[in-house]
file structure.txt (compact mmCIF, C-alpha atoms)
# COMPACT_ATOMS: atom_id res chain seq x y z
CA MET N 1 13.63 -41.02 51.60
CA LYS N 2 15.27 -38.19 53.52
CA PHE N 3 13.05 -35.91 55.61
CA SER N 4 12.40 -32.63 53.82
CA PRO N 5 10.44 -30.13 55.95
CA LEU N 6 9.06 -28.13 53.01
CA ARG N 7 8.07 -31.10 50.86
CA ASP N 8 6.61 -33.14 53.70
CA LEU N 9 4.68 -30.18 55.12
CA ALA N 10 3.29 -29.35 51.66
CA GLY N 11 2.27 -32.99 51.13
CA GLY N 12 0.59 -33.12 54.53
CA LEU N 13 -1.26 -29.83 54.08
CA ILE N 14 -2.49 -30.69 50.58
CA GLY N 15 -3.59 -34.11 51.81
CA ALA N 16 -5.33 -32.67 54.86
CA PHE N 17 -7.04 -29.92 52.88
CA SER N 18 -8.22 -31.95 49.91
CA GLY N 19 -9.03 -35.00 52.01
CA GLY N 20 -10.19 -33.49 55.29
CA VAL N 21 -12.42 -30.86 53.82
CA GLY N 22 -13.53 -33.21 51.07
CA LEU N 23 -12.70 -30.59 48.47
CA VAL N 24 -12.16 -32.98 45.56
CA GLY N 25 -15.24 -35.05 46.40
CA VAL N 26 -17.46 -31.99 46.71
CA ALA N 27 -16.16 -30.57 43.42
CA ALA N 28 -16.63 -33.91 41.62
CA LYS N 29 -20.20 -34.22 42.94
CA LYS N 30 -21.05 -30.66 41.93
CA PHE N 31 -19.69 -30.91 38.39
CA PHE N 32 -20.18 -34.53 37.39
CA VAL N 33 -23.07 -36.02 39.35
CA ALA N 34 -26.76 -35.33 38.90
CA ALA N 35 -29.45 -36.62 41.27
CA ASP N 36 -30.84 -39.08 38.72
CA ASP N 37 -27.47 -40.58 37.70
CA SER N 38 -26.99 -44.33 38.08
CA PHE N 39 -25.36 -45.79 41.15
CA THR N 40 -22.42 -47.08 39.03
CA LYS N 41 -21.64 -43.61 37.67
CA LYS N 42 -21.82 -42.06 41.15
CA PHE N 43 -19.62 -44.83 42.52
CA LEU N 44 -16.98 -44.45 39.79
CA ILE N 45 -16.84 -40.66 40.18
CA GLY N 46 -16.53 -41.09 43.94
CA LEU N 47 -13.70 -43.57 43.39
CA ALA N 48 -11.89 -41.18 41.02
CA ALA N 49 -12.30 -38.33 43.52
CA THR N 50 -10.83 -40.51 46.26
CA ALA N 51 -7.83 -41.38 44.07
CA LEU N 52 -7.34 -37.70 43.21
CA THR N 53 -7.52 -36.75 46.87
CA GLY N 54 -4.78 -39.21 47.76
CA GLY N 55 -2.78 -38.38 44.62
CA ALA N 56 -2.80 -34.64 45.33
CA ALA N 57 -0.88 -35.23 48.57
CA LEU N 58 1.80 -37.02 46.56
CA LEU N 59 2.42 -34.06 44.23
CA PRO N 60 5.32 -32.58 46.24
CA TYR N 61 6.96 -36.01 46.22
CA LEU N 62 6.54 -36.37 42.46
CA VAL N 63 8.07 -32.93 41.91
CA THR N 64 11.15 -33.80 44.00
CA ALA N 65 11.45 -37.39 42.76
CA PRO N 66 13.93 -36.89 39.85
CA GLY N 67 16.70 -35.57 42.13
CA GLN N 68 16.15 -38.41 44.58
CA GLN N 69 16.26 -40.90 41.72
CA THR N 70 19.66 -39.63 40.55
CA LYS N 71 21.00 -39.86 44.10
CA ALA N 72 19.63 -43.38 44.36
CA GLU N 73 21.39 -44.27 41.08
CA LEU N 74 24.67 -43.05 42.54
CA ALA N 75 24.10 -45.08 45.70
CA VAL N 76 23.37 -48.24 43.68
CA ALA N 77 26.54 -47.72 41.62
CA ARG N 78 28.60 -47.27 44.80
CA SER N 79 27.17 -50.42 46.36
CA SER N 80 27.90 -52.43 43.21
CA ILE N 81 31.50 -51.13 42.99
CA VAL N 82 32.14 -51.98 46.64
CA GLY N 83 30.71 -55.49 46.17
CA ASP N 84 32.98 -56.11 43.16
CA ARG N 85 35.97 -54.57 44.90
CA TYR N 86 36.05 -56.66 48.06
CA ASP N 87 33.98 -59.73 47.28
CA GLY N 88 34.46 -60.08 43.53
CA GLY N 89 30.82 -59.19 42.92
CA GLU N 90 29.34 -61.91 45.14
CA MET A 1 38.87 -56.27 38.13
CA ALA A 2 40.79 -58.14 40.82
CA VAL A 3 39.57 -58.18 44.42
CA VAL A 4 41.26 -55.53 46.58
CA HIS A 5 42.74 -56.50 49.95
CA VAL A 6 43.00 -53.88 52.68
CA ASP A 7 42.61 -53.97 56.47
CA PRO A 8 39.28 -55.68 57.31
CA ARG A 9 38.30 -52.76 59.56
CA VAL A 10 38.53 -50.44 56.57
CA VAL A 11 36.52 -52.86 54.46
CA THR A 12 33.82 -52.95 57.15
CA ALA A 13 33.70 -49.14 57.23
CA VAL A 14 33.49 -48.89 53.44
CA LYS A 15 30.78 -51.54 53.24
CA ALA A 16 28.72 -49.71 55.87
CA TRP A 17 29.07 -46.52 53.82
CA ALA A 18 27.99 -48.33 50.64
CA ALA A 19 25.04 -49.98 52.38
CA ALA A 20 23.74 -46.66 53.71
CA GLY A 21 22.40 -45.65 50.28
CA VAL A 22 21.56 -41.97 49.85
CA GLU A 23 22.48 -41.37 53.50
CA GLY A 24 26.04 -42.50 52.77
CA ALA A 25 27.82 -39.32 53.90
CA ALA A 26 26.39 -39.49 57.43
CA MET A 27 27.42 -43.13 57.71
CA LEU A 28 30.88 -42.32 56.34
CA ALA A 29 31.36 -39.66 59.01
CA GLU A 30 30.30 -42.14 61.68
CA GLN A 31 32.71 -44.77 60.37
CA ARG A 32 35.55 -42.26 60.16
CA ARG A 33 35.05 -41.26 63.80
CA ALA A 34 34.98 -44.90 64.95
CA LEU A 35 38.02 -46.00 62.94
CA ASP A 36 41.57 -46.26 64.29
CA PRO A 37 43.19 -42.96 63.19
CA LEU A 38 46.14 -44.91 61.79
CA LEU A 39 43.77 -46.45 59.24
CA LEU A 40 42.31 -43.14 58.16
CA PRO A 41 44.60 -42.65 55.12
CA THR A 42 43.58 -46.11 53.88
CA LEU A 43 39.89 -45.29 54.32
CA ILE A 44 40.30 -41.99 52.47
CA GLY A 45 42.16 -43.69 49.63
CA GLU A 46 39.52 -46.39 49.30
CA VAL A 47 36.61 -43.93 49.36
CA ALA A 48 38.37 -41.71 46.80
CA GLU A 49 38.95 -44.58 44.39
CA ILE A 50 35.42 -45.94 44.74
CA THR A 51 33.94 -42.46 44.30
CA ALA A 52 36.06 -41.84 41.20
CA GLU A 53 34.91 -45.14 39.70
CA GLN A 54 31.33 -44.24 40.61
CA LEU A 55 31.50 -41.23 38.26
CA LEU A 56 32.61 -43.41 35.35
CA VAL A 57 29.95 -46.03 36.09
CA VAL A 58 27.03 -43.58 36.23
CA LEU A 59 28.20 -41.79 33.08
CA ASP A 60 28.32 -45.08 31.22
CA ARG A 61 24.83 -46.14 32.32
CA PRO A 62 22.37 -46.16 29.39
CA THR A 63 20.55 -42.88 28.86
CA ALA A 64 17.33 -42.03 27.07
CA PRO A 65 17.91 -40.93 23.46
CA PRO A 66 18.54 -37.17 23.40
CA ARG A 67 15.73 -34.88 22.28
CA ARG A 68 16.28 -33.25 18.90
CA ASP A 69 16.65 -29.79 20.43
CA GLU A 70 18.74 -30.99 23.38
CA ARG A 71 21.93 -29.05 23.97
CA PRO A 72 25.03 -30.69 25.42
CA VAL A 73 26.04 -29.87 28.98
CA PRO A 74 29.65 -28.71 29.40
CA PHE A 75 31.23 -30.26 32.46
CA LEU A 76 34.93 -29.86 33.25
CA GLY A 77 35.53 -29.29 29.55
CA VAL A 78 33.69 -32.45 28.44
CA GLU A 79 30.30 -32.34 26.70
CA LEU A 80 27.64 -34.48 28.36
CA SER A 81 24.03 -35.21 27.51
CA GLN A 82 21.41 -33.59 29.74
CA GLU A 83 20.89 -36.85 31.63
CA GLN A 84 24.62 -37.41 32.08
CA GLY A 85 24.86 -33.79 33.22
CA ARG A 86 22.25 -34.43 35.91
CA ARG A 87 24.19 -37.46 37.13
CA ALA A 88 27.49 -35.57 37.09
CA ALA A 89 25.89 -32.68 39.01
CA ALA A 90 24.52 -35.08 41.64
CA TRP A 91 27.93 -36.73 41.91
CA LEU A 92 29.64 -33.36 42.32
CA ASP A 93 27.05 -32.41 44.91
CA GLU A 94 27.92 -35.52 46.92
CA GLN A 95 31.61 -34.58 47.04
CA ARG A 96 30.94 -31.66 49.34
CA ASP A 97 29.32 -34.06 51.83
CA ASN A 98 32.05 -36.67 51.36
CA ALA A 99 34.80 -34.12 52.07
CA LYS A 100 32.98 -33.02 55.20
CA ALA A 101 32.41 -36.62 56.30
CA LEU A 102 36.13 -37.35 55.96
CA SER A 103 37.00 -34.08 57.67
CA LEU A 104 38.94 -32.87 54.63
CA ALA A 105 39.07 -29.46 52.96
CA PRO A 106 37.51 -29.47 49.46
CA GLU A 107 40.96 -28.93 47.90
CA ALA A 108 42.42 -31.92 49.75
CA TRP A 109 39.46 -34.09 48.78
CA SER A 110 39.71 -33.06 45.11
CA GLU A 111 43.39 -34.13 45.16
CA GLN A 112 42.39 -37.45 46.66
CA LEU A 113 39.78 -37.87 43.92
CA ALA A 114 42.38 -37.12 41.24
CA ASP A 115 44.70 -39.76 42.74
CA GLY A 116 41.78 -42.16 43.03
CA MET A 117 40.81 -41.60 39.40
CA ARG A 118 44.39 -42.26 38.27
CA ARG A 119 44.36 -45.59 40.12
CA VAL A 120 40.93 -46.49 38.67
CA LEU A 121 42.06 -45.74 35.11
CA GLU A 122 45.18 -47.81 35.70
CA ARG A 123 43.11 -50.73 37.03
CA MET A 124 40.59 -50.40 34.22
CA ARG A 125 43.23 -50.37 31.50
CA GLY A 126 42.08 -52.65 28.70
CA ARG A 127 38.41 -52.44 29.67
CA SER A 128 36.04 -50.61 27.40
CA LEU A 129 34.84 -47.21 28.55
CA SER A 130 32.74 -44.79 26.55
CA SER A 131 34.67 -41.89 25.06
CA THR A 132 32.79 -39.50 27.38
CA ALA A 133 33.63 -41.43 30.56
CA SER A 134 37.19 -41.90 29.40
CA ALA A 135 37.66 -38.20 28.62
CA LEU A 136 36.09 -37.09 31.91
CA GLY A 137 38.11 -39.67 33.85
CA SER A 138 41.35 -38.34 32.36
CA THR A 139 40.28 -34.77 33.08
CA VAL A 140 39.56 -35.57 36.74
CA ALA A 141 42.82 -37.56 37.02
CA ASP A 142 44.69 -34.52 35.68
CA GLY A 143 43.36 -32.48 38.60
CA ALA A 144 40.40 -30.73 36.98
CA LEU A 145 38.47 -30.79 40.25
CA ARG A 146 41.37 -29.01 41.93
CA GLY A 147 40.97 -26.33 39.28
CA ALA A 148 37.25 -26.32 39.97
CA THR A 149 37.74 -25.55 43.65
CA ARG A 150 40.14 -22.75 42.73
CA GLY A 151 37.57 -21.57 40.20
CA PHE A 152 34.96 -21.23 42.87
CA ASP A 153 37.27 -18.95 44.79
CA GLY A 154 36.79 -16.49 41.96
CA GLY A 155 38.62 -17.94 38.97
CA ALA A 156 37.42 -19.88 35.95
CA ASP A 157 34.09 -21.64 35.96
CA PRO A 158 34.65 -25.43 36.03
CA THR A 159 31.92 -25.91 33.49
CA SER A 160 34.15 -23.72 31.28
CA SER A 161 31.79 -23.06 28.45
CA THR A 162 29.32 -20.46 27.43
CA LYS A 163 26.78 -23.10 26.39
CA ALA A 164 23.45 -23.36 28.18
CA GLY A 165 21.72 -26.52 29.37
CA LEU A 166 22.38 -27.58 32.92
CA ARG A 167 25.22 -25.13 33.36
CA GLY A 168 23.31 -23.12 35.94
CA ALA A 169 22.36 -26.18 37.91
CA LEU A 170 25.92 -27.47 37.80
CA SER A 171 27.29 -24.15 38.96
CA ALA A 172 24.75 -23.89 41.74
CA ARG A 173 25.63 -27.34 43.03
CA ALA A 174 29.32 -26.98 42.45
CA PHE A 175 32.13 -28.28 44.53
CA GLY A 176 32.69 -26.41 47.76
CA ASN A 177 29.40 -24.56 47.30
CA LYS A 178 31.32 -21.30 47.01
CA LYS A 179 29.62 -19.93 43.95
CA GLN A 180 25.88 -19.53 44.21
call {"tool": "encode", "arguments": {"input": "structure.txt", "output": "C-alpha cells"}}
result
Amino acid sequence: MKFSPLRDLAGGLIGAFSGGVGLVGVAAKKFFVAADDSFTKKFLIGLAATALTGGAALLPYLVTAPGQQTKAELAVARSSIVGDRYDGGE
Amino acid sequence: MAVVHVDPRVVTAVKAWAAAGVEGAAMLAEQRRALDPLLLPTLIGEVAEITAEQLLVVLDRPTAPPRRDERPVPFLGVELSQEQGRRAAAWLDEQRDNAKALSLAPEAWSEQLADGMRRVLERMRGRSLSSTASALGSTVADGALRGATRGFDGGADPTSSTKAGLRGALSARAFGNKKQ
C-alpha cells in the first residue's frame, strides 16, 4: 500500500490516543463493568475494548480502501493481460 | 489471442511494469529511462495496447447487481453502472501517470491509446465482449480521449451528459487533470 501522509498520520494518532491513553478501555470499564461482575464478563469486555482500540487505528485505512481496491483490480488485469500476451497465459 | 513477439528488452520492461502492481507508473518511468531509445516507440505501442485492453477487461469483470435507485454513469458517451464508472475513473486517473512515465503529452498519449484500442479490437474480433465494453472500446478507438483532452482545455465535458452519479468524480479525476 502506497504511503499516504494524511491517512497514516491519522491512523497513528488514533491508535496512539485510543491505545496509549487507554481511552476505550477506560470508557468500557466505566459503562459496562461493575465491581461485583464476574471475571468472565470483565475479561470479555476487556477483550472487546482491546479489539476496538486496535480497530479504531484502522479506520483511516478502511475509509481509503475502496479506491485502493479499484487500483489493485486494474493492476491484476494488467498483469493477466501481459502474461497472456507474451507467455500465452502461462 | 496469439502470443505477441517483440524485442525481448521491451518484453522485460513491460513485464516489470506489470509486476509492479499499483506502483506501475514509477516502474514504467524507470524502464523507459533504462531502455534503448530506439526501442521506445515499441514500448509505447505495447503499453498503449495493453492499457487499452485493460479498460475492456475491467469493464467486463462481474459487478454487484445495481441498486434499484442507482443512476447510470455517463462516460465518454457510454452509460456505465456505478461500479463500472469507478473502474473507468481509476483507469482514466492512471493515464495521467502513464503519459508522464512515458514522457508524452496527454494528447500524444490519448492518440496512442486510440491506436492501441484499434489494434485490440482487431485482435479481439470474434471474441465476445459485453455491449458496454464494445461500445466504449469503439469510442476510445475513434479518438474520444483526444476529444476529452481538448475538452479539458475548455471545451466539451468528456462525460458529456447532464446525468448525476459519478460524473463529479470522473471530472475531478479526468485526463490531464486540467479541470478541477
call {"tool": "interface_residues", "arguments": {"input": "structure.txt", "of": "chain A", "to": "chain N", "cutoff": "7 Å", "atoms": "only C-alpha atoms", "output": "PyMOL selection string"}}
result
chain A and resi 3-5+15+18-19+21-22+50+54+57-58+87+90
call {"tool": "atom_distance", "arguments": {"input": "structure.txt", "atom1": "CA of Ala114 (chain A)", "atom2": "CA of Ser138 (chain A)"}}
result
9.0 Å
call {"tool": "atom_distance", "arguments": {"input": "structure.txt", "atom1": "CA of Asn98 (chain A)", "atom2": "CA of Asp60 (chain A)"}}
result
22.1 Å
call {"tool": "atom_distance", "arguments": {"input": "structure.txt", "atom1": "CA of Leu38 (chain A)", "atom2": "CA of Trp109 (chain A)"}}
result
18.2 Å
call {"tool": "closest_residue", "arguments": {"input": "structure.txt", "among": "A:Ala133, A:Val120, A:Val11, A:Val47", "to": "Leu76 (chain A)", "atoms": "all atoms listed in the file"}}
result
A:Ala133
call {"tool": "closest_residue", "arguments": {"input": "structure.txt", "among": "A:Arg123, A:Pro72, A:Pro41, A:Gly24", "to": "Gln95 (chain A)", "atoms": "all atoms listed in the file"}}
result
A:Gly24
